[in-house]
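Peer 1: Dropping a structure here in structure tokens format, bear with me for questions.
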Amino acid sequence: MLKIGITGNIASGKSLFENYLKSFGCKVLCLDYITAYLYENSSVLREFLLKKFNTISRKEISKIVFSDFNLKKELEDFIYPLILDEMNKFFAENAAETIVFVSAALLFEANFDKYFDKIVFIKADEKIRQKRLMERNNLLIEEADLRIKSQIPEIEKIPKCDFIIDNSTSKEALQSEAEDFIKSLSTLL
């Protein structure tokens with residue numbers, strides 16, 4: 001099984017790229033969805049959140065951790081092993097597949113890159129990502145910038161990736177790049 005990670009900084013278009021892959025019949029796991037699932041269903045995580053943050057609201061916790069690096073690190077150190085367990089379950093459940101994809105915004109930040117044979121990076125200009133993030137999450141510019149700056153910059157991640165997909169223009173252009181990417185996968189097998 002070829003394991004391909006999909007990453008890109010916040011609001012780069014990873015979800016849209018994932019959807020295109022799914023429309024081609026690819027098996028894709030989104031770690032953002034896994035995180036949301038854990039927030040709702042993991043009693044271990046909920047207990048930790050209540051002790052540490054006195055809330056289980058992702059929105060409230062996000063406001064806290066994006067302004068306090070130490071608390072953000074504590075949360076990550078607790079939740080990353082839970083996410084990794086879910087990712088490994090996905091690999092086991094899809095062992096018969098030729099290729100599987102896992103989308104993770106924090107692939108490098110979580111040191112999950114070592115679990116993949118190839119990595120796809122979805123890139124977009126920072127100003128475009130800032131605008132998308134403000135619109136999508138109803139954030140002020142300062143809040144959007146805090147989230148953008150909490151990630152390793154694109155310029156440091158791109159050299160570590162095998163494929164670069166530019167999503168700075170249109171959805172149609174991204175779909176075309178996704179189609180070309182799917183066609184190119186036959187050369188990896």
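Identifiers in this document derive from the order of the structure tokens: chains are assigned A, B, ..., residues are numbered from 1 separately in each chain, and ligands are numbered from 1 in order of occurrence.
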Determine, for each residue of segment 68-136 of chain A having at least one atom at most 12 Å from an atom of segment 170-185 of chain A, the closest pair of atoms and their separation in Å to one decimal, counting only C-alpha atoms; order by chain and ascending number, as JSON lines.

Peer 2:
{"residue": "A:Thr98", "atom": "CA", "partner": "A:Leu185", "partner_atom": "CA", "distance": 10.6}
{"residue": "A:Ile99", "atom": "CA", "partner": "A:Leu185", "partner_atom": "CA", "distance": 9.0}
{"residue": "A:Val100", "atom": "CA", "partner": "A:Leu185", "partner_atom": "CA", "distance": 11.5}
{"residue": "A:Phe101", "atom": "CA", "partner": "A:Ile182", "partner_atom": "CA", "distance": 11.7}
{"residue": "A:Lys118", "atom": "CA", "partner": "A:Leu185", "partner_atom": "CA", "distance": 10.7}
{"residue": "A:Val120", "atom": "CA", "partner": "A:Phe181", "partner_atom": "CA", "distance": 9.5}
{"residue": "A:Phe121", "atom": "CA", "partner": "A:Phe181", "partner_atom": "CA", "distance": 11.7}
{"residue": "A:Ile122", "atom": "CA", "partner": "A:Leu174", "partner_atom": "CA", "distance": 9.4}
{"residue": "A:Lys123", "atom": "CA", "partner": "A:Leu174", "partner_atom": "CA", "distance": 10.6}
{"residue": "A:Ala124", "atom": "CA", "partner": "A:Ser170", "partner_atom": "CA", "distance": 10.8}
{"residue": "A:Ile128", "atom": "CA", "partner": "A:Ser170", "partner_atom": "CA", "distance": 11.3}

Peer 1: Pull C-alpha atoms from the residues just selected and write them as a PDB file, in the first residue's frame.

Peer 2:
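Now in result22.pdb:
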ATOM      1  CA  THR A  98      -3.154   0.125  -3.600  1.00  0.00           C
ATOM      2  CA  ILE A  99      -3.074   3.789  -2.526  1.00  0.00           C
ATOM      3  CA  VAL A 100      -4.577   5.609   0.444  1.00  0.00           C
ATOM      4  CA  PHE A 101      -4.523   9.307   1.285  1.00  0.00           C
ATOM      5  CA  LYS A 118       4.875  10.508  -0.581  1.00  0.00           C
ATOM      6  CA  VAL A 120       1.383  16.331  -1.600  1.00  0.00           C
ATOM      7  CA  PHE A 121       1.472  19.995  -0.642  1.00  0.00           C
ATOM      8  CA  ILE A 122      -1.467  22.265  -1.495  1.00  0.00           C
ATOM      9  CA  LYS A 123      -0.167  25.823  -1.645  1.00  0.00           C
ATOM     10  CA  ALA A 124      -1.814  29.194  -1.912  1.00  0.00           C
ATOM     11  CA  ILE A 128      -5.500  34.491  -0.341  1.00  0.00           C
TER      12      ILE A 128
END

Peer 1: Any chance you could tabulate, as CSV, the residues of segment 78-153 of chain A at most 9 Å from segment 21-32 of chain A with each one's nearest atom pair and distance in Å to one decimal, using only C-alpha atoms, in chain and rising number order?

Peer 2:
residue,atom,partner,partner_atom,distance
A:Ile83,CA,A:Leu31,CA,7.2
A:Glu86,CA,A:Leu31,CA,8.7
A:Met87,CA,A:Leu29,CA,7.7
A:Phe90,CA,A:Leu29,CA,7.4
A:Asn94,CA,A:Lys27,CA,8.1
A:Glu97,CA,A:Lys27,CA,8.1
A:Ile99,CA,A:Lys27,CA,7.6
A:Val100,CA,A:Lys27,CA,5.2
A:Phe101,CA,A:Val28,CA,4.6
A:Val102,CA,A:Leu29,CA,4.7
A:Ser103,CA,A:Cys30,CA,4.7
A:Ala104,CA,A:Leu31,CA,5.3
A:Ala105,CA,A:Asp32,CA,7.7

Peer 1: Save out the residues we just selected, C-alpha atoms, as a short mmCIF file (atom, residue, chain, number, x, y, z; two decimals), in the first residue's frame.

Peer 2:
data_model
loop_
_atom_site.label_atom_id
_atom_site.label_comp_id
_atom_site.auth_asym_id
_atom_site.auth_seq_id
_atom_site.Cartn_x
_atom_site.Cartn_y
_atom_site.Cartn_z
CA ILE A 83 -5.14 10.98 16.17
CA GLU A 86 -7.18 6.58 14.35
CA MET A 87 -4.85 7.00 11.37
CA PHE A 90 -7.56 3.63 8.74
CA ASN A 94 -7.72 -0.27 3.97
CA GLU A 97 -5.98 -0.73 -1.21
CA ILE A 99 -3.07 3.79 -2.53
CA VAL A 100 -4.58 5.61 0.44
CA PHE A 101 -4.52 9.31 1.29
CA VAL A 102 -4.48 11.09 4.62
CA SER A 103 -5.04 14.83 4.77
CA ALA A 104 -3.40 16.64 7.67
CA ALA A 105 -2.93 20.37 7.96
#

Peer 1: What is the atom CA of Phe48 of chain A to atom CA of Leu75 of chain A distance in Å?

Peer 2: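 Going from atom CA of Phe48 of chain A over to atom CA of Leu75 of chain A, I get 8.7 Å.
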
Peer 1: Run DSSP on the backbone and give me the residues of segment 7-185 of chain A it puts in strand (DSSP E), as a ChimeraX atom specification.

Peer 2: /A:7,27-30,99-103,118-123,163-166

Peer 1: Please determine, counting only C-alpha atoms, which residue among A:Lys114, A:Arg132, A:Lys73, A:Lys63 has the shortest atom-to-atom distance to Leu146 of chain A.

Peer 2: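 Of A:Lys114, A:Arg132, A:Lys73, A:Lys63, the one nearest Leu146 of chain A is A:Lys63, counting only C-alpha atoms.
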